[in-house]
>>> print(open('entry_2.cif').read())   # mmCIF, C-alpha atoms
data_upload
loop_
_atom_site.label_atom_id
_atom_site.label_comp_id
_atom_site.auth_asym_id
_atom_site.auth_seq_id
_atom_site.Cartn_x
_atom_site.Cartn_y
_atom_site.Cartn_z
CA MET A 15 -40.30 69.65 64.57
CA GLY A 16 -40.21 65.86 64.16
CA ALA A 17 -38.16 63.62 66.39
CA GLU A 18 -35.69 63.02 63.62
CA GLU A 19 -35.41 66.63 62.64
CA ARG A 20 -33.58 67.64 65.74
CA ASP A 21 -31.67 70.54 64.44
CA GLN A 22 -32.33 72.67 61.46
CA ASN A 23 -29.89 75.28 60.30
CA ASN A 24 -30.04 77.87 57.65
CA LEU A 25 -26.56 77.60 56.25
CA SER A 26 -26.41 81.05 54.77
CA GLY A 27 -25.75 82.53 58.20
CA GLY A 28 -22.74 80.30 58.79
CA LEU A 29 -19.26 81.64 58.91
CA VAL A 30 -18.06 79.27 56.23
CA LEU A 31 -20.58 80.58 53.76
CA ASP A 32 -20.05 84.21 54.58
CA SER A 33 -16.45 84.17 53.57
CA LEU A 34 -14.99 83.71 50.12
CA PRO A 35 -13.48 80.31 49.41
CA SER A 36 -9.75 80.45 49.74
CA TYR A 37 -7.27 79.10 47.25
CA VAL A 38 -6.40 76.56 49.94
CA ALA A 39 -9.99 75.32 50.13
CA ALA A 40 -10.23 75.06 46.34
CA ALA A 41 -6.88 73.27 46.15
CA HIS A 42 -7.93 70.89 48.92
CA GLU A 43 -11.20 69.99 47.17
CA LEU A 44 -9.47 69.41 43.85
CA LYS A 45 -6.60 67.45 45.32
CA SER A 46 -8.69 64.44 46.28
CA PRO A 47 -9.98 63.60 42.77
CA LEU A 48 -6.54 64.25 41.30
CA VAL A 49 -4.93 61.94 43.83
CA LEU A 50 -7.48 59.27 43.02
CA VAL A 51 -7.01 59.62 39.25
CA ARG A 52 -3.24 59.39 39.72
CA GLN A 53 -3.44 56.27 41.87
CA LEU A 54 -5.89 54.60 39.49
CA SER A 55 -3.71 55.50 36.49
CA LEU A 56 -0.65 54.01 38.18
CA ALA A 57 -2.67 50.88 38.91
CA LEU A 58 -3.26 50.43 35.17
CA ASP A 59 0.48 49.98 34.77
CA ASP A 60 0.26 46.75 36.72
CA ASN A 61 0.07 43.87 34.25
CA SER A 62 -1.36 41.51 36.83
CA ILE A 63 -4.75 43.21 37.08
CA SER A 64 -7.65 41.49 35.41
CA ASP A 65 -9.50 42.84 32.37
CA GLU A 66 -12.54 43.36 34.54
CA ASP A 67 -10.55 45.45 37.05
CA ARG A 68 -8.94 47.38 34.22
CA LYS A 69 -12.36 48.30 32.81
CA ARG A 70 -13.62 49.30 36.26
CA ILE A 71 -10.55 51.46 36.89
CA LEU A 72 -10.99 53.21 33.54
CA ARG A 73 -14.65 53.89 34.39
CA GLN A 74 -13.63 55.28 37.76
CA ILE A 75 -11.01 57.54 36.19
CA THR A 76 -13.62 58.96 33.82
CA LEU A 77 -16.21 59.51 36.55
CA THR A 78 -13.68 61.05 38.94
CA SER A 79 -12.43 63.40 36.22
CA GLU A 80 -16.01 64.45 35.50
CA LYS A 81 -16.55 65.15 39.18
CA ALA A 82 -13.42 67.32 39.31
CA LEU A 83 -14.51 69.15 36.17
CA ARG A 84 -17.93 69.84 37.73
CA LEU A 85 -16.17 71.41 40.68
CA THR A 86 -13.92 73.60 38.56
CA THR A 87 -16.90 74.78 36.48
CA ASP A 88 -18.89 75.53 39.64
CA LEU A 89 -15.96 77.38 41.10
CA THR A 90 -15.52 79.51 37.99
CA LYS A 91 -19.22 80.32 37.87
CA SER A 92 -19.22 81.16 41.56
CA ILE A 93 -16.27 83.53 41.29
CA ARG A 94 -17.85 85.28 38.29
CA MET A 95 -21.22 85.44 40.01
CA ARG A 96 -20.99 89.09 40.97
CA ASP A 97 -20.30 90.18 37.40
CA ALA A 98 -22.91 88.05 35.71
CA LEU A 99 -26.65 88.17 35.29
CA PHE A 100 -28.52 84.92 35.54
CA GLU A 101 -31.89 84.75 33.92
CA LEU A 102 -34.63 83.55 36.22
CA GLU A 103 -37.51 81.65 34.70
CA PRO A 104 -40.27 79.26 35.72
CA ILE A 105 -38.74 75.81 36.08
CA ASN A 106 -40.37 72.43 36.46
CA PRO A 107 -38.26 70.93 39.29
CA GLN A 108 -39.55 67.43 38.60
CA GLN A 109 -37.98 67.39 35.16
CA LEU A 110 -34.79 69.01 36.42
CA CYS A 111 -34.40 66.49 39.26
CA GLU A 112 -35.11 63.59 36.90
CA ASP A 113 -32.32 64.89 34.66
CA VAL A 114 -29.94 65.08 37.63
CA VAL A 115 -30.82 61.53 38.66
CA LYS A 116 -30.17 60.31 35.12
CA GLU A 117 -26.84 62.15 34.91
CA MET A 118 -25.59 61.11 38.35
CA SER A 119 -26.79 57.49 38.31
CA PRO A 120 -23.66 55.97 36.69
CA TYR A 121 -21.46 57.64 39.31
CA PHE A 122 -23.69 56.42 42.12
CA ARG A 123 -23.96 52.90 40.72
CA GLU A 124 -20.17 52.67 40.49
CA ASN A 125 -20.11 53.64 44.18
CA ASP A 126 -22.66 50.94 45.12
CA ARG A 127 -25.29 53.50 45.86
CA GLU A 128 -28.46 54.65 44.20
CA ILE A 129 -29.97 58.05 43.63
CA ARG A 130 -33.65 58.52 42.98
CA LEU A 131 -36.42 61.05 43.02
CA VAL A 132 -39.00 60.16 45.65
CA GLY A 133 -42.63 61.20 45.98
CA GLY A 134 -45.28 61.12 43.35
CA ARG A 135 -45.34 63.26 40.27
CA GLN A 136 -46.04 66.82 41.31
CA SER A 137 -47.12 69.83 39.30
CA LEU A 138 -44.70 72.34 40.76
CA LEU A 139 -43.10 75.36 39.22
CA LEU A 140 -40.43 77.46 40.83
CA VAL A 141 -38.53 80.57 39.87
CA GLY A 142 -34.85 79.91 39.29
CA ASN A 143 -32.05 79.46 36.84
CA ARG A 144 -31.98 76.01 35.33
CA ASP A 145 -28.20 75.67 35.16
CA LEU A 146 -27.53 77.01 38.66
CA LEU A 147 -30.27 74.92 40.23
CA ARG A 148 -29.02 71.79 38.49
CA ARG A 149 -25.55 72.49 39.86
CA VAL A 150 -26.88 72.99 43.40
CA ILE A 151 -28.72 69.66 43.33
CA MET A 152 -25.69 67.89 41.84
CA ASN A 153 -23.51 69.48 44.51
CA PHE A 154 -25.81 68.25 47.27
CA SER A 155 -25.89 64.81 45.63
CA ASP A 156 -22.09 64.65 45.46
CA ASN A 157 -21.98 65.62 49.11
CA ALA A 158 -24.59 63.01 50.04
CA LEU A 159 -22.64 60.28 48.28
CA ASN A 160 -19.68 60.89 50.57
CA TYR A 161 -21.74 60.31 53.69
CA ALA A 162 -24.28 57.73 52.63
CA ASP A 163 -23.97 54.13 53.72
CA GLN A 164 -22.85 51.65 51.12
CA TYR A 165 -25.77 50.20 49.14
CA SER A 166 -28.04 52.96 50.42
CA THR A 167 -30.23 55.25 48.37
CA ILE A 168 -29.86 59.00 48.20
CA GLU A 169 -33.26 60.58 47.82
CA ILE A 170 -34.19 63.82 46.12
CA LYS A 171 -37.45 65.21 47.45
CA MET A 172 -39.64 68.12 46.43
CA GLN A 173 -42.23 69.84 48.54
CA THR A 174 -44.07 73.14 48.81
CA ARG A 175 -43.83 75.23 51.97
CA ASP A 176 -45.23 78.47 53.33
CA HIS A 177 -48.68 77.76 51.90
CA GLY A 178 -47.32 77.15 48.45
CA LYS A 179 -45.10 80.23 48.29
CA THR A 180 -41.86 78.29 48.47
CA VAL A 181 -40.63 75.12 46.82
CA ARG A 182 -38.03 73.08 48.70
CA LEU A 183 -35.75 70.64 46.90
CA GLY A 184 -33.90 68.41 49.34
CA VAL A 185 -31.24 65.72 49.00
CA ARG A 186 -31.41 63.15 51.78
CA ASP A 187 -28.54 60.84 52.67
CA TYR A 188 -28.68 57.90 55.03
CA GLY A 189 -25.35 58.06 56.81
CA PRO A 190 -23.63 55.84 59.30
CA ALA A 191 -26.28 54.29 61.53
CA VAL A 192 -25.43 54.17 65.21
CA PRO A 193 -27.21 51.20 66.81
CA ALA A 194 -27.20 51.75 70.56
CA ASP A 195 -26.45 48.14 71.47
CA THR A 196 -23.22 48.09 69.51
CA ILE A 197 -21.84 51.30 70.84
CA LYS A 198 -19.07 50.77 73.33
CA SER A 199 -17.42 53.27 75.55
CA ILE A 200 -14.50 53.45 73.15
CA SER A 201 -16.73 54.92 70.47
CA LYS A 202 -18.40 57.61 72.56
CA ARG A 203 -16.37 60.48 71.24
CA LEU A 204 -16.66 59.27 67.69
CA LEU A 205 -20.38 58.77 68.13
CA ASN A 206 -20.87 62.32 69.36
CA LYS A 207 -18.97 63.67 66.43
CA THR A 208 -20.98 61.57 64.02
CA LEU A 209 -24.29 62.78 65.38
CA ASP A 210 -22.95 66.28 65.35
CA HIS A 211 -22.49 65.79 61.62
CA ALA A 212 -18.94 66.93 61.69
CA ARG A 213 -17.74 66.55 58.14
CA PRO A 214 -14.10 67.40 58.54
CA GLN A 215 -12.90 66.36 55.13
CA SER A 216 -15.06 69.03 53.54
CA SER A 217 -13.66 72.52 53.31
CA GLY A 218 -17.18 73.87 52.89
CA LEU A 219 -16.38 74.97 49.36
CA GLY A 220 -19.26 73.01 47.82
CA LEU A 221 -21.73 74.56 50.22
CA TYR A 222 -20.25 77.98 49.66
CA ILE A 223 -20.81 77.55 45.93
CA ALA A 224 -24.34 76.20 46.42
CA ASN A 225 -25.10 79.16 48.67
CA GLN A 226 -23.81 81.60 46.05
CA PHE A 227 -25.98 79.97 43.39
CA ALA A 228 -29.01 79.97 45.69
CA GLY A 229 -28.50 83.65 46.43
CA ALA A 230 -28.41 84.44 42.71
CA MET A 231 -31.86 82.85 42.48
CA ASN A 232 -33.18 84.69 45.55
CA GLY A 233 -33.20 81.41 47.40
CA LYS A 234 -31.45 79.95 50.41
CA ILE A 235 -29.91 76.65 51.34
CA GLY A 236 -30.05 74.77 54.62
CA VAL A 237 -29.59 71.43 56.28
CA THR A 238 -31.79 69.22 58.41
CA LYS A 239 -29.93 66.72 60.54
CA HIS A 240 -31.45 63.32 61.10
CA ILE A 241 -30.39 60.51 63.41
CA ASP A 242 -29.25 58.54 60.39
CA GLY A 243 -28.08 61.18 57.97
CA ALA A 244 -28.93 64.63 56.73
CA THR A 245 -31.00 66.50 54.20
CA PHE A 246 -29.42 69.43 52.37
CA TYR A 247 -32.04 71.60 50.76
CA ILE A 248 -32.62 74.70 48.71
CA ASP A 249 -35.71 76.87 49.12
CA LEU A 250 -36.84 78.84 46.10
CA GLN A 251 -39.81 81.01 45.35
CA ALA A 252 -42.72 79.15 43.77
CA SER A 253 -43.82 80.41 40.38
CA LYS A 254 -47.31 81.86 40.23
CA GLN A 255 -47.80 80.75 36.66
CA LEU A 256 -49.59 77.54 37.63
CA SER A 257 -52.09 79.38 39.77
CA LEU A 258 -52.97 81.55 36.79
CA LEU A 259 -53.96 78.54 34.69
CA MET B 6 2.90 34.72 48.85
CA ILE B 7 0.03 34.69 51.34
CA THR B 8 0.98 36.17 54.71
CA HIS B 9 -2.31 35.65 56.63
CA GLN B 10 -1.71 39.05 58.17
CA ASN B 11 -4.73 41.30 58.47
CA ILE B 12 -4.57 44.88 57.33
CA LEU B 13 -7.35 47.33 58.07
CA ILE B 14 -7.70 50.23 55.64
CA ILE B 15 -9.60 53.19 57.07
CA GLU B 16 -10.34 55.43 54.13
CA ASP B 17 -13.57 57.16 53.17
CA ASP B 18 -12.82 57.34 49.47
CA LYS B 19 -14.24 54.01 48.40
CA TRP B 20 -12.34 53.71 45.13
CA LEU B 21 -9.03 54.68 46.67
CA ALA B 22 -9.61 52.18 49.48
CA GLU B 23 -10.36 49.48 46.91
CA GLN B 24 -7.18 50.37 45.03
CA PHE B 25 -5.11 50.00 48.23
CA GLN B 26 -6.93 46.75 48.96
CA ARG B 27 -6.18 45.39 45.48
CA THR B 28 -2.49 46.23 45.87
CA LEU B 29 -2.17 44.69 49.33
CA GLU B 30 -4.16 41.58 48.44
CA LEU B 31 -1.90 40.97 45.44
CA ALA B 32 0.98 41.13 47.93
CA GLY B 33 -0.70 38.40 49.96
CA TYR B 34 -2.35 40.33 52.77
CA LYS B 35 -5.89 39.89 53.99
CA VAL B 36 -7.53 43.29 53.82
CA THR B 37 -10.61 44.82 55.41
CA ILE B 38 -11.93 48.28 54.58
CA ALA B 39 -13.67 50.66 56.98
CA ASN B 40 -15.11 53.83 55.52
CA HIS B 41 -15.40 55.80 58.76
CA GLY B 42 -14.31 55.80 62.38
CA LEU B 43 -17.23 53.90 63.88
CA ASP B 44 -16.98 51.23 61.23
CA ALA B 45 -13.24 51.02 61.97
CA ILE B 46 -13.85 50.41 65.67
CA ARG B 47 -16.30 47.63 64.85
CA CYS B 48 -13.72 46.06 62.53
CA ILE B 49 -10.97 46.32 65.17
CA ASP B 50 -13.25 44.79 67.82
CA ASP B 51 -14.24 41.95 65.49
CA ASN B 52 -10.77 41.08 64.31
CA LYS B 53 -7.75 42.92 65.61
CA PRO B 54 -5.66 43.90 62.58
CA ASP B 55 -1.90 43.46 62.38
CA ALA B 56 -1.56 46.94 60.91
CA ILE B 57 -3.80 49.87 60.08
CA VAL B 58 -3.61 52.11 57.02
CA LEU B 59 -5.35 55.29 58.12
CA ASP B 60 -6.48 58.46 56.40
CA VAL B 61 -6.70 61.65 58.47
CA LEU B 62 -9.79 63.35 57.08
CA LEU B 63 -12.66 60.94 57.55
CA THR B 64 -16.41 61.12 57.64
CA GLY B 65 -17.79 61.76 61.11
CA SER B 66 -14.49 61.83 62.95
CA ASN B 67 -10.90 62.38 62.04
CA GLY B 68 -7.96 60.03 62.11
CA PHE B 69 -6.48 61.70 65.19
CA THR B 70 -9.61 61.06 67.24
CA LEU B 71 -9.41 57.43 66.26
CA MET B 72 -5.69 57.22 67.05
CA HIS B 73 -6.31 58.77 70.48
CA GLU B 74 -8.89 56.07 71.18
CA LEU B 75 -6.60 53.30 69.98
CA GLN B 76 -3.80 54.61 72.19
CA SER B 77 -6.12 54.40 75.21
CA TYR B 78 -6.09 50.61 75.22
CA ASP B 79 -3.06 48.40 75.65
CA ASP B 80 -3.97 45.96 72.91
CA THR B 81 -4.95 48.48 70.26
CA ALA B 82 -2.08 50.85 71.13
CA ARG B 83 0.34 48.26 69.82
CA ILE B 84 -1.15 48.10 66.33
CA PRO B 85 1.24 49.85 63.91
CA ILE B 86 -0.43 52.69 62.05
CA ILE B 87 0.51 53.81 58.57
CA LEU B 88 -0.87 57.28 58.09
CA CYS B 89 -1.78 57.77 54.42
CA THR B 90 -3.00 61.26 53.75
CA ASN B 91 -3.04 64.26 51.45
CA LEU B 92 -1.87 66.24 54.46
CA ALA B 93 1.42 64.36 54.80
CA PRO B 94 3.56 67.40 53.87
CA ASP B 95 2.05 69.22 56.87
CA PHE B 96 3.18 66.55 59.34
CA ASP B 97 6.47 65.52 60.85
CA ILE B 98 6.67 61.79 61.55
CA LYS B 99 8.39 62.54 64.88
CA ASP B 100 5.26 64.37 66.09
CA LEU B 101 3.11 61.41 65.09
CA LYS B 102 5.02 58.71 67.00
CA PRO B 103 3.00 59.20 70.20
CA TYR B 104 -0.12 58.32 68.18
CA GLY B 105 1.34 55.00 67.15
CA VAL B 106 2.17 56.15 63.64
CA LYS B 107 5.07 54.15 62.21
CA TYR B 108 5.01 55.37 58.64
CA LEU B 109 3.74 58.45 56.84
CA LEU B 110 2.60 58.18 53.22
CA ASP B 111 1.76 61.14 51.02
CA LYS B 112 -1.21 60.12 48.88
CA SER B 113 -0.39 62.71 46.26
CA SER B 114 3.12 61.41 45.52
CA MET B 115 3.15 57.77 46.61
CA HIS B 116 3.52 54.85 44.23
CA PRO B 117 1.06 51.96 44.70
CA ASN B 118 3.88 49.70 45.90
CA ASP B 119 4.80 52.16 48.66
CA ILE B 120 1.88 50.92 50.69
CA ILE B 121 3.24 47.37 50.53
CA ASN B 122 6.70 48.53 51.58
CA ALA B 123 5.22 50.54 54.46
CA VAL B 124 3.24 47.55 55.73
CA LYS B 125 6.13 45.11 55.27
CA SER B 126 8.54 47.33 57.14
CA HIS B 127 6.47 47.16 60.32
CA LEU B 128 5.24 43.57 60.33
#
>>> encode(input="entry_2.cif", output="structure tokens")
Amino acid sequence: MGAEERDQNNLSGGLVLDSLPSYVAAAHELKSPLVLVRQLSLALDDNSISDEDRKRILRQITLTSEKALRLTTDLTKSIRMRDALFELEPINPQQLCEDVVKEMSPYFRENDREIRLVGGRQSLLLVGNRDLLRRVIMNFSDNALNYADQYSTIEIKMQTRDHGKTVRLGVRDYGPAVPADTIKSISKRLLNKTLDHARPQSSGLGLYIANQFAGAMNGKIGVTKHIDGATFYIDLQASKQLSLL
Amino acid sequence: MITHQNILIIEDDKWLAEQFQRTLELAGYKVTIANHGLDAIRCIDDNKPDAIVLDVLLTGSNGFTLMHELQSYDDTARIPIILCTNLAPDFDIKDLKPYGVKYLLDKSSMHPNDIINAVKSHL
């Protein structure tokens, strides 16, 4: 294990993911975007705001609404998961991740952050469901955006593991850096909590959903904590189709 | 009217923080934004604010941890705190007084001008 990768957890064993999301958790997650949309809408009533601000606020309302709609769709799919069959097929993760980057980029740009796919072009195939996998990666990306430093880049990475049997798709955020020379005694408790990756504003609903989707694809999700952020990942079975070529 | 009073907004939702900033700046306040607890402490050390607008659920630490820390020091304990949170209905302002909270705002029902009134009433 590398120096940065100090603690690696398979999330599927966690208590949060073992229990069904409550109405309270769902309401909590949906409240934040609704509150934001309401505040931004009220701001539009103010005649003193500039045209530029008005355009930005309208963009933010649209993007926030889309984020809330993603969550409601994910939640509906997750709740219906047990009754539904999801077709598994060979998927090119490179193309899927490029699509996610393209779709999420406006939201990230508006938040002064960037999202990109890192690593060279790889000929990988995995077994999964295109829609569910896309939603998992978007969910991780949404999560990363909340914790990434301003003007930082969120990276999507792909790699094979277990001698090519597994493909891992990870979303890396670069969170609050903690330079030792600036830490004062007053910040010790906060520092510990930061390194512990406490993410109290999250009810765990997004991870619960991602875990449900991963399970439907015979995969698993996990997190690797770094000194300056975290990588949330999904492991899925590699497709053998390429090896047959 | 420019007041030259410094307000620190501690809020991890960037767009909401910017909205509060826009409102307060139009009212004449000088506003700084911190997106998480550590950033907030740096801001407070650099330039002690006249009031703090604080969310409860933050990245890396929560608002109560921060308020505990601020209450530990004479100078920071005196900074009035306006708690602005989705969890406002779960709190009683009387229970929050020991944390230095002077005003409780419910994000889900507040009007943009409420933040100005809250700040004005304690400066």
>>> resolve_selection(input="entry_2.cif", expression="the PyMOL selection byres ((chain A and resi 135) around 12)", output="list of chain:residue names")
A:Asn106, A:Pro107, A:Gln108, A:Gln109, A:Cys111, A:Glu112, A:Leu131, A:Val132, A:Gly133, A:Gly134, A:Gln136, A:Ser137, A:Leu138, A:Lys171, A:Met172, A:Gln173
>>> atom_distance(input="entry_2.cif", atom1="CA of Lys35 in chain B", atom2="CA of Glu16 in chain B")
16.2 Å
>>> resolve_selection(input="entry_2.cif", expression="the PyMOL selection byres ((chain B) within 7 of (chain A))", output="list in words")
Leu21, Gly42, Leu43, Leu62, Leu63, Thr64, Gly65, Ser66, Asn67, Glu74, Lys112, Ser113 and Pro117 of chain B
>>> closest_residue(input="entry_2.cif", among="A:Phe154, A:Phe122, A:Tyr247, A:Phe100", to="Asn232 in chain A", atoms="all atoms listed in the file")
A:Phe100
>>> residues_around(input="entry_2.cif", residues="range 96-100 of chain B", least_positions_apart="6", cutoff="12 Å", atoms="all atoms listed in the file", output="PyMOL selection string")
chain B and resi 61+86-90+106-111
>>> write_last_selection(input="entry_2.cif", atoms="C-alpha atoms", output="compact mmCIF listing (two decimals), in the frame of the given file")
# COMPACT_ATOMS: atom_id res chain seq x y z
CA VAL B 61 -6.70 61.65 58.47
CA ILE B 86 -0.43 52.69 62.05
CA ILE B 87 0.51 53.81 58.57
CA LEU B 88 -0.87 57.28 58.09
CA CYS B 89 -1.78 57.77 54.42
CA THR B 90 -3.00 61.26 53.75
CA VAL B 106 2.17 56.15 63.64
CA LYS B 107 5.07 54.15 62.21
CA TYR B 108 5.01 55.37 58.64
CA LEU B 109 3.74 58.45 56.84
CA LEU B 110 2.60 58.18 53.22
CA ASP B 111 1.76 61.14 51.02
>>> closest_residue(input="entry_2.cif", among="A:Leu72, A:Asn153, A:Arg84, A:Asp59", to="Asn225 in chain A", atoms="all atoms listed in the file")
A:Asn153
>>> atom_distance(input="entry_2.cif", atom1="CA of Ser64 in chain A", atom2="CA of Leu13 in chain B")
23.4 Å
>>> residues_around(input="entry_2.cif", residues="His9 in chain B", least_positions_apart="6", cutoff="12 Å", atoms="all atoms listed in the file", output="MDAnalysis selection string")
chainID B and resid 29:30 32:36 54:55 128
>>> write_last_selection(input="entry_2.cif", atoms="C-alpha atoms", output="PDB file, keeping the file's coordinate frame")
ATOM      1  CA  LEU B  29      -2.170  44.690  49.330  1.00  0.00           C
ATOM      2  CA  GLU B  30      -4.160  41.580  48.440  1.00  0.00           C
ATOM      3  CA  ALA B  32       0.980  41.130  47.930  1.00  0.00           C
ATOM      4  CA  GLY B  33      -0.700  38.400  49.960  1.00  0.00           C
ATOM      5  CA  TYR B  34      -2.350  40.330  52.770  1.00  0.00           C
ATOM      6  CA  LYS B  35      -5.890  39.890  53.990  1.00  0.00           C
ATOM      7  CA  VAL B  36      -7.530  43.290  53.820  1.00  0.00           C
ATOM      8  CA  PRO B  54      -5.660  43.900  62.580  1.00  0.00           C
ATOM      9  CA  ASP B  55      -1.900  43.460  62.380  1.00  0.00           C
ATOM     10  CA  LEU B 128       5.240  43.570  60.330  1.00  0.00           C
TER      11      LEU B 128
END
>>> closest_residue(input="entry_2.cif", among="B:His41, B:Lys53, B:Arg83, B:Arg47", to="Gly68 in chain B", atoms="only C-alpha atoms")
B:His41
